[in-house]
file protein20.txt (compact mmCIF, C-alpha atoms)
# COMPACT_ATOMS: atom_id res chain seq x y z
CA MET G 112 0.33 -12.97 -15.24
CA TRP G 113 -0.56 -10.03 -13.01
CA ARG G 114 -3.01 -7.29 -13.95
CA TYR G 115 -4.12 -4.14 -12.12
CA GLN G 116 -7.81 -3.35 -11.78
CA MET G 117 -9.67 -0.93 -9.54
CA ALA G 118 -13.13 -2.20 -8.61
CA VAL G 119 -15.31 -2.70 -5.56
CA LYS G 120 -14.37 -6.15 -4.31
CA GLY G 121 -17.14 -8.67 -4.96
CA SER G 122 -19.19 -6.27 -7.09
CA GLU G 123 -20.88 -6.99 -10.39
CA GLN G 124 -18.35 -4.78 -12.18
CA GLU G 125 -15.47 -6.84 -10.83
CA LEU G 126 -17.15 -10.13 -11.74
CA ARG G 127 -17.85 -8.89 -15.25
CA TRP G 128 -14.17 -8.04 -15.68
CA LEU G 129 -13.01 -11.38 -14.26
CA ASN G 130 -15.29 -13.31 -16.61
CA GLN G 131 -14.01 -11.27 -19.53
CA GLN G 132 -10.51 -12.45 -18.62
CA VAL G 133 -11.77 -16.05 -18.59
CA GLN G 134 -13.01 -15.62 -22.15
CA ARG G 135 -9.44 -14.63 -23.04
CA GLY G 136 -8.12 -17.83 -21.46
CA GLN G 137 -7.04 -16.27 -18.13
CA LEU G 138 -8.48 -17.72 -14.91
CA LEU G 139 -8.19 -15.94 -11.57
CA ARG G 140 -5.60 -17.41 -9.21
CA ARG G 141 -4.78 -14.82 -6.54
CA ILE G 142 -5.60 -11.27 -5.46
CA ARG G 143 -3.34 -8.82 -3.65
CA GLY G 144 -5.02 -5.46 -3.17
CA ASN G 145 -5.88 -4.26 -6.67
CA TRP G 146 -3.49 -6.70 -8.37
CA TYR G 147 -4.98 -9.88 -9.85
CA GLN G 148 -2.93 -12.92 -10.81
CA PHE G 149 -4.21 -15.14 -13.61
CA GLN G 150 -3.29 -18.54 -14.95
CA LYS G 151 -3.86 -19.83 -18.45
CA THR G 152 -6.79 -22.16 -18.97
CA ALA G 153 -8.41 -23.88 -21.92
CA THR G 154 -11.57 -24.65 -19.95
CA ARG G 155 -14.45 -22.22 -19.98
CA TYR G 156 -15.30 -21.14 -16.43
CA GLN G 157 -17.92 -18.88 -14.91
CA VAL G 158 -16.58 -16.90 -11.94
CA PHE G 159 -18.71 -16.10 -8.89
CA SER G 160 -18.00 -14.24 -5.67
CA GLU G 161 -19.60 -14.00 -2.26
CA TYR G 162 -19.02 -12.33 1.08
CA VAL G 163 -18.54 -14.57 4.11
CA SER G 164 -17.49 -14.05 7.71
CA GLY G 165 -14.17 -15.33 8.95
CA ASN G 166 -15.50 -18.38 10.80
CA VAL G 167 -17.44 -19.51 7.73
CA ALA G 168 -14.54 -18.87 5.33
CA THR G 169 -12.27 -21.30 7.21
CA GLU G 170 -14.75 -24.11 6.62
CA ILE G 171 -15.08 -23.68 2.86
CA ASP G 172 -14.00 -26.80 0.99
CA ASP G 173 -14.50 -27.20 -2.75
CA GLN G 174 -13.50 -30.87 -3.01
CA HIS G 175 -17.07 -32.14 -3.16
CA THR G 176 -18.79 -29.29 -5.03
CA PRO G 177 -18.99 -28.32 -8.68
CA PHE G 178 -17.40 -24.96 -7.78
CA LYS G 179 -13.64 -24.59 -7.73
CA LEU G 180 -12.16 -22.30 -5.09
CA LEU G 181 -10.10 -19.73 -6.99
CA ALA G 182 -9.05 -17.08 -4.48
CA ARG G 183 -9.77 -15.51 -1.11
CA LEU G 184 -9.40 -11.88 -0.14
CA GLN G 185 -9.57 -10.70 3.47
CA LEU G 186 -11.00 -7.22 3.96
CA THR G 187 -10.58 -5.17 7.10
CA LYS G 188 -13.35 -2.59 6.55
CA PRO G 189 -15.70 -4.34 6.88
CA ALA G 190 -14.11 -7.46 8.36
CA VAL G 191 -15.26 -10.05 5.81
CA GLN G 192 -13.69 -12.34 3.26
CA VAL G 193 -14.49 -12.30 -0.43
CA ILE G 194 -14.52 -15.83 -1.80
CA TYR G 195 -14.05 -16.28 -5.55
CA THR G 196 -15.18 -19.55 -7.08
CA GLY G 197 -15.58 -20.86 -10.62
CA THR G 198 -17.47 -23.66 -12.29
CA ALA G 199 -16.94 -25.39 -15.61
CA GLN G 200 -20.35 -27.06 -15.63
CA THR G 201 -22.45 -25.56 -18.41
CA GLU G 202 -25.75 -25.98 -16.59
CA LEU G 203 -24.48 -23.85 -13.69
CA GLN G 204 -22.80 -21.11 -15.68
CA GLY G 205 -26.05 -19.36 -16.51
CA ALA G 206 -27.11 -19.15 -12.87
CA ARG G 207 -27.92 -15.71 -11.54
CA VAL G 208 -27.51 -14.97 -7.86
CA ASP G 209 -29.45 -12.15 -6.20
CA ARG G 210 -27.21 -11.60 -3.20
CA GLN G 211 -28.86 -8.48 -1.75
CA ASP G 212 -25.45 -7.24 -0.58
CA ALA G 213 -25.62 -3.60 -1.63
CA PRO G 214 -25.17 -2.30 1.99
CA LEU G 215 -21.99 -4.34 2.36
CA GLN G 216 -20.71 -3.22 -1.04
CA LEU G 217 -21.30 0.39 0.00
CA LYS G 218 -19.09 -0.07 3.07
CA ILE G 219 -16.38 -1.67 0.94
CA ALA G 220 -16.55 1.10 -1.68
CA LEU G 221 -16.27 3.82 0.97
CA ALA G 222 -13.33 2.05 2.63
CA GLN G 223 -11.50 1.68 -0.70
CA ARG G 224 -12.17 5.33 -1.56
CA GLY G 225 -10.86 6.45 1.83
CA HIS G 226 -7.71 4.38 1.38
CA LEU G 227 -7.02 5.95 -2.02
CA LEU G 228 -7.46 9.46 -0.64
CA ASN G 229 -5.02 8.65 2.16
CA VAL G 230 -2.51 7.40 -0.41
CA MET G 231 -2.92 10.65 -2.35
CA ASN G 232 -2.29 12.73 0.79
CA ILE G 233 0.85 10.75 1.64
CA ARG G 234 2.21 11.15 -1.89
CA LEU G 235 1.42 14.85 -1.79
CA VAL G 236 3.39 15.39 1.42
CA VAL G 237 6.32 13.26 0.25
CA GLY G 238 6.36 15.11 -3.07
CA LEU G 239 6.48 18.50 -1.35
CA ILE G 240 9.42 17.36 0.76
CA LEU G 241 11.24 16.13 -2.35
CA ALA G 242 10.45 19.40 -4.14
CA VAL G 243 12.11 21.37 -1.35
CA ILE G 244 15.17 19.12 -1.61
CA VAL G 245 15.32 19.52 -5.40
CA ILE G 246 15.08 23.29 -5.13
CA SER G 247 17.87 23.38 -2.55
CA LEU G 248 20.12 21.34 -4.90
CA ASN G 249 19.70 23.84 -7.77
CA VAL G 250 18.57 21.20 -10.26
CA SER G 251 18.15 22.38 -13.87
CA ASP G 252 14.76 23.75 -14.88
CA ASN G 253 14.20 21.03 -17.46
CA VAL G 254 14.71 18.21 -14.96
CA ALA G 255 12.63 20.02 -12.36
CA SER G 256 9.74 20.50 -14.81
CA TRP G 257 9.64 16.83 -15.78
CA GLY G 258 9.93 15.85 -12.14
CA MET G 259 7.02 18.12 -11.25
CA LEU G 260 4.85 16.60 -13.98
CA ALA G 261 5.69 13.08 -12.86
CA TRP G 262 4.92 14.00 -9.25
CA LEU G 263 1.53 15.47 -10.16
CA LEU G 264 0.55 12.39 -12.17
CA PHE G 265 1.81 10.05 -9.45
CA THR G 266 0.01 12.01 -6.73
CA PHE G 267 -3.38 12.59 -8.29
CA TYR G 268 -3.82 9.21 -9.98
CA PRO G 269 -5.32 7.80 -6.73
CA ALA G 270 -7.72 10.77 -6.69
CA TRP G 271 -8.95 9.84 -10.17
CA GLN G 272 -9.45 6.25 -9.01
CA ALA G 273 -11.24 7.46 -5.89
CA SER G 274 -13.61 9.51 -8.07
CA ARG G 275 -14.60 6.34 -9.93
CA LEU G 276 -15.32 4.56 -6.66
CA HIS G 277 -17.21 7.64 -5.48
CA LYS G 278 -19.63 7.27 -8.40
CA GLN G 279 -20.20 3.62 -7.53
CA ALA G 280 -20.71 4.56 -3.87
CA ASN G 281 -23.30 7.18 -4.86
CA ALA G 282 -25.20 4.60 -6.88
CA LEU G 283 -25.13 2.22 -3.91
CA ARG G 284 -26.37 4.99 -1.61
CA VAL G 285 -29.40 5.45 -3.85
CA ILE G 286 -30.09 1.71 -3.75
CA THR G 287 -29.66 1.37 0.01
CA GLN G 288 -30.94 4.84 0.97
CA GLN G 289 -28.01 5.09 3.39
CA TYR G 290 -26.72 8.66 3.42
CA ASP G 291 -24.73 8.67 6.67
CA ASP G 292 -21.74 11.08 6.47
CA ALA G 293 -22.70 11.99 2.91
CA TRP G 294 -23.08 15.53 1.60
CA ARG G 295 -26.63 16.22 0.48
CA PRO G 296 -27.91 19.34 -1.31
CA THR G 297 -29.80 21.58 1.09
CA MET G 298 -32.60 24.07 0.53
CA HIS G 299 -33.78 26.67 3.07
CA VAL G 300 -37.37 27.90 2.86
CA PHE G 301 -38.55 30.80 5.05
CA LEU G 302 -42.28 30.80 5.75
CA LYS G 303 -43.88 33.88 7.26
CA ASN G 304 -47.23 34.39 8.97
CA MET G 305 -48.03 30.69 9.21
CA SER G 306 -51.70 30.31 10.10
CA THR G 307 -51.33 26.64 11.08
CA GLU G 308 -48.59 24.27 12.16
CA LEU G 309 -46.46 22.85 9.36
CA ASP G 310 -47.18 19.17 8.69
CA THR G 311 -43.64 17.79 8.33
CA GLU G 312 -44.84 14.26 7.58
CA LYS G 313 -46.03 15.38 4.14
CA VAL G 314 -42.56 16.62 3.19
CA ALA G 315 -40.57 13.84 4.86
CA GLY G 316 -40.14 12.16 1.48
CA LEU G 317 -37.95 15.05 0.34
CA GLY G 318 -35.19 14.09 2.76
CA GLY G 319 -34.16 15.32 6.19
CA VAL G 320 -36.43 18.11 7.48
CA GLY G 321 -35.37 20.59 10.15
CA LEU G 322 -37.46 23.40 11.63
CA ARG G 323 -36.36 26.60 13.33
CA ARG G 324 -38.86 29.11 14.62
CA SER G 325 -38.17 32.82 14.87
CA ARG G 326 -39.23 34.99 17.77
CA SER G 327 -42.60 35.19 16.17
CA SER G 328 -44.14 31.73 16.45
CA ARG G 329 -45.79 32.27 13.06
CA ASP G 330 -42.47 32.42 11.18
CA VAL G 331 -40.64 29.18 10.39
CA LEU G 332 -37.31 28.43 8.68
CA VAL G 333 -37.42 25.00 7.02
CA ARG G 334 -34.21 23.18 6.10
CA LEU G 335 -34.56 20.38 3.52
CA GLU G 336 -31.64 18.01 2.99
CA ASP G 337 -31.48 16.39 -0.44
CA ALA G 338 -34.15 18.84 -1.58
CA GLY G 339 -33.34 18.25 -5.25
CA LYS G 340 -35.81 15.40 -5.44
CA CYS G 341 -38.60 17.84 -6.28
CA CYS G 342 -39.59 21.46 -5.94
CA GLY G 343 -39.20 22.25 -2.23
CA ASN G 344 -41.33 25.42 -2.25
CA GLN G 345 -44.26 23.68 -3.88
CA ALA G 346 -44.02 20.73 -1.51
CA ILE G 347 -43.90 22.99 1.54
CA ALA G 348 -46.87 24.96 0.30
CA THR G 349 -48.83 21.74 -0.23
CA ALA G 350 -47.99 20.54 3.26
CA ASN G 351 -49.01 23.88 4.74
CA CYS G 352 -52.33 23.92 2.95
CA GLY G 353 -53.05 20.37 4.07
CA ARG G 354 -53.81 19.14 0.55

call {"tool": "encode", "arguments": {"input": "protein20.txt", "output": "C-alpha cells"}}
result
Amino acid sequence: MWRYQMAVKGSEQELRWLNQQVQRGQLLRRIRGNWYQFQKTATRYQVFSEYVSGNVATEIDDQHTPFKLLARLQLTKPAVQVIYTGTAQTELQGARVDRQDAPLQLKIALAQRGHLLNVMNIRLVVGLILAVIVISLNVSDNVASWGMLAWLLFTFYPAWQASRLHKQANALRVITQQYDDAWRPTMHVFLKNMSTELDTEKVAGLGGVGLRRSRSSRDVLVRLEDAGKCCGNQAIATANCGR
C-alpha cells in the first residue's frame, strides 16, 4: 500500500507518523519522494531514522543487530542518506535518541521547500500555456470555468505544502540560530547629537546591527535586523547611556 505524506525527511514529525502507521499494522517498506510504501505486519515495531554519509550507508548491515533495515532514501541537498530501521524488541522500543541534527534538518527542509516552489512555478507556466490554447479553441464557459478551478488547485497545492515546510524551517532556524538568506524584520533608529560613541556590543543580542553616520559625526542611523526580540529604542538608549 502506498501513502502520500509531506514531511521533513528524518524529522520527528515523520517518525511520529511512521510509528502511527505501525500501530495500524503497516510497516514501512520503501520511500519514493513523498510516497511511502507499507507492508502489513502483526509484529509491533518501533521505527527509527538517522542521517549517514554515502560511504557509511553502503556498509550498513542489519543481519547481526536487533534493528531491521526498512528503507533507504538518498537526498541530494544535502548529499546524505536517510536510513530507516525498526526493532521488535520491547526493551529497545522505548529508547530515545538525541541526534542533535537540527542544522541538517534545516537544510533538508529548505531544499524540500525550494523544490515545491519550483514545481508550483512549472505548473503555473504550463497552465497559462494550456489556458491560451483553450481560449483559442473557443471552449464553452462551463468547461473553461471548471478547468480553471482545477488548474488553480493543481498549481497552488505545492505552495500550501511549501508553507507547512516553511513553518518547520522557521522553527529549526530558531533552534540553530542560522538565519542565512532568511528575511528578518528590520528596525531603523535615528540618533541625533550623540555625545559618545554607540556601544554596539550591548545591542548585539537584538540581531544584526549596522551603523551609518551622517555628515555630522554626532548623528547615527542604526539598522537592527530581527529587532522584534525586544524594544529597539529602549535597547539603543541603554547602550548609549552605558548602563

call {"tool": "closest_residue", "arguments": {"input": "protein20.txt", "among": "G:Leu139, G:Ala270, G:Val158, G:Ala222", "to": "Glu123 of chain G", "atoms": "all atoms listed in the file"}}
result
G:Val158

call {"tool": "closest_residue", "arguments": {"input": "protein20.txt", "among": "G:Val254, G:Leu276, G:Val236, G:Ala261", "to": "Lys120 of chain G", "atoms": "only C-alpha atoms"}}
result
G:Leu276

call {"tool": "closest_residue", "arguments": {"input": "protein20.txt", "among": "G:Leu126, G:Ile142, G:Val243, G:Leu283", "to": "Leu181 of chain G", "atoms": "all atoms listed in the file"}}
result
G:Ile142

call {"tool": "closest_residue", "arguments": {"input": "protein20.txt", "among": "G:Val230, G:Lys188, G:Ile219, G:Gln288", "to": "Tyr268 of chain G", "atoms": "only C-alpha atoms"}}
result
G:Val230

call {"tool": "closest_residue", "arguments": {"input": "protein20.txt", "among": "G:Gln157, G:Gln132, G:Asn281, G:Thr198", "to": "Leu221 of chain G", "atoms": "all atoms listed in the file"}}
result
G:Asn281

call {"tool": "atom_distance", "arguments": {"input": "protein20.txt", "atom1": "atom CA of Asp212 of chain G", "atom2": "atom CA of Tyr162 of chain G"}}
result
8.4 Å

call {"tool": "residues_around", "arguments": {"input": "protein20.txt", "residues": "Ser160 of chain G", "least_positions_apart": "6", "cutoff": "10 Å", "atoms": "only C-alpha atoms", "output": "list of chain:residue names"}}
result
G:Lys120, G:Gly121, G:Ser122, G:Glu123, G:Glu125, G:Leu126, G:Leu180, G:Leu181, G:Ala182, G:Arg183, G:Val193, G:Ile194, G:Tyr195, G:Thr196, G:Gly197, G:Val208, G:Arg210

call {"tool": "closest_residue", "arguments": {"input": "protein20.txt", "among": "G:Ile240, G:Leu228, G:Met117, G:Ile286", "to": "Leu129 of chain G", "atoms": "only C-alpha atoms"}}
result
G:Met117

call {"tool": "atom_distance", "arguments": {"input": "protein20.txt", "atom1": "atom CA of Arg284 of chain G", "atom2": "atom CA of Ala190 of chain G"}}
result
20.1 Å

call {"tool": "atom_distance", "arguments": {"input": "protein20.txt", "atom1": "atom CA of Gly238 of chain G", "atom2": "atom CA of Val250 of chain G"}}
result
15.4 Å

call {"tool": "residues_around", "arguments": {"input": "protein20.txt", "residues": "Gly144 of chain G", "least_positions_apart": "2", "cutoff": "10 Å", "atoms": "all atoms listed in the file", "output": "PyMOL selection string"}}
result
chain G and resi 115-117+120+141-142+146-147+184-186+223

call {"tool": "write_last_selection", "arguments": {"input": "protein20.txt", "atoms": "C-alpha atoms", "output": "short mmCIF file (atom, residue, chain, number, x, y, z; two decimals), keeping the file's coordinate frame"}}
result
data_model
loop_
_atom_site.label_atom_id
_atom_site.label_comp_id
_atom_site.auth_asym_id
_atom_site.auth_seq_id
_atom_site.Cartn_x
_atom_site.Cartn_y
_atom_site.Cartn_z
CA TYR G 115 -4.12 -4.14 -12.12
CA GLN G 116 -7.81 -3.35 -11.78
CA MET G 117 -9.67 -0.93 -9.54
CA LYS G 120 -14.37 -6.15 -4.31
CA ARG G 141 -4.78 -14.82 -6.54
CA ILE G 142 -5.60 -11.27 -5.46
CA TRP G 146 -3.49 -6.70 -8.37
CA TYR G 147 -4.98 -9.88 -9.85
CA LEU G 184 -9.40 -11.88 -0.14
CA GLN G 185 -9.57 -10.70 3.47
CA LEU G 186 -11.00 -7.22 3.96
CA GLN G 223 -11.50 1.68 -0.70
#

call {"tool": "residues_near_point", "arguments": {"input": "protein20.txt", "point": "(4.6, 18.5, -4.9)", "cutoff": "12 Å", "atoms": "all atoms listed in the file", "output": "ChimeraX atom specification"}}
result
/G:231-246,255-256,258-267

call {"tool": "write_last_selection", "arguments": {"input": "protein20.txt", "atoms": "C-alpha atoms", "output": "PDB file, keeping the file's coordinate frame"}}
result
ATOM      1  CA  MET G 231      -2.920  10.650  -2.350  1.00  0.00           C
ATOM      2  CA  ASN G 232      -2.290  12.730   0.790  1.00  0.00           C
ATOM      3  CA  ILE G 233       0.850  10.750   1.640  1.00  0.00           C
ATOM      4  CA  ARG G 234       2.210  11.150  -1.890  1.00  0.00           C
ATOM      5  CA  LEU G 235       1.420  14.850  -1.790  1.00  0.00           C
ATOM      6  CA  VAL G 236       3.390  15.390   1.420  1.00  0.00           C
ATOM      7  CA  VAL G 237       6.320  13.260   0.250  1.00  0.00           C
ATOM      8  CA  GLY G 238       6.360  15.110  -3.070  1.00  0.00           C
ATOM      9  CA  LEU G 239       6.480  18.500  -1.350  1.00  0.00           C
ATOM     10  CA  ILE G 240       9.420  17.360   0.760  1.00  0.00           C
ATOM     11  CA  LEU G 241      11.240  16.130  -2.350  1.00  0.00           C
ATOM     12  CA  ALA G 242      10.450  19.400  -4.140  1.00  0.00           C
ATOM     13  CA  VAL G 243      12.110  21.370  -1.350  1.00  0.00           C
ATOM     14  CA  ILE G 244      15.170  19.120  -1.610  1.00  0.00           C
ATOM     15  CA  VAL G 245      15.320  19.520  -5.400  1.00  0.00           C
ATOM     16  CA  ILE G 246      15.080  23.290  -5.130  1.00  0.00           C
ATOM     17  CA  ALA G 255      12.630  20.020 -12.360  1.00  0.00           C
ATOM     18  CA  SER G 256       9.740  20.500 -14.810  1.00  0.00           C
ATOM     19  CA  GLY G 258       9.930  15.850 -12.140  1.00  0.00           C
ATOM     20  CA  MET G 259       7.020  18.120 -11.250  1.00  0.00           C
ATOM     21  CA  LEU G 260       4.850  16.600 -13.980  1.00  0.00           C
ATOM     22  CA  ALA G 261       5.690  13.080 -12.860  1.00  0.00           C
ATOM     23  CA  TRP G 262       4.920  14.000  -9.250  1.00  0.00           C
ATOM     24  CA  LEU G 263       1.530  15.470 -10.160  1.00  0.00           C
ATOM     25  CA  LEU G 264       0.550  12.390 -12.170  1.00  0.00           C
ATOM     26  CA  PHE G 265       1.810  10.050  -9.450  1.00  0.00           C
ATOM     27  CA  THR G 266       0.010  12.010  -6.730  1.00  0.00           C
ATOM     28  CA  PHE G 267      -3.380  12.590  -8.290  1.00  0.00           C
TER      29      PHE G 267
END
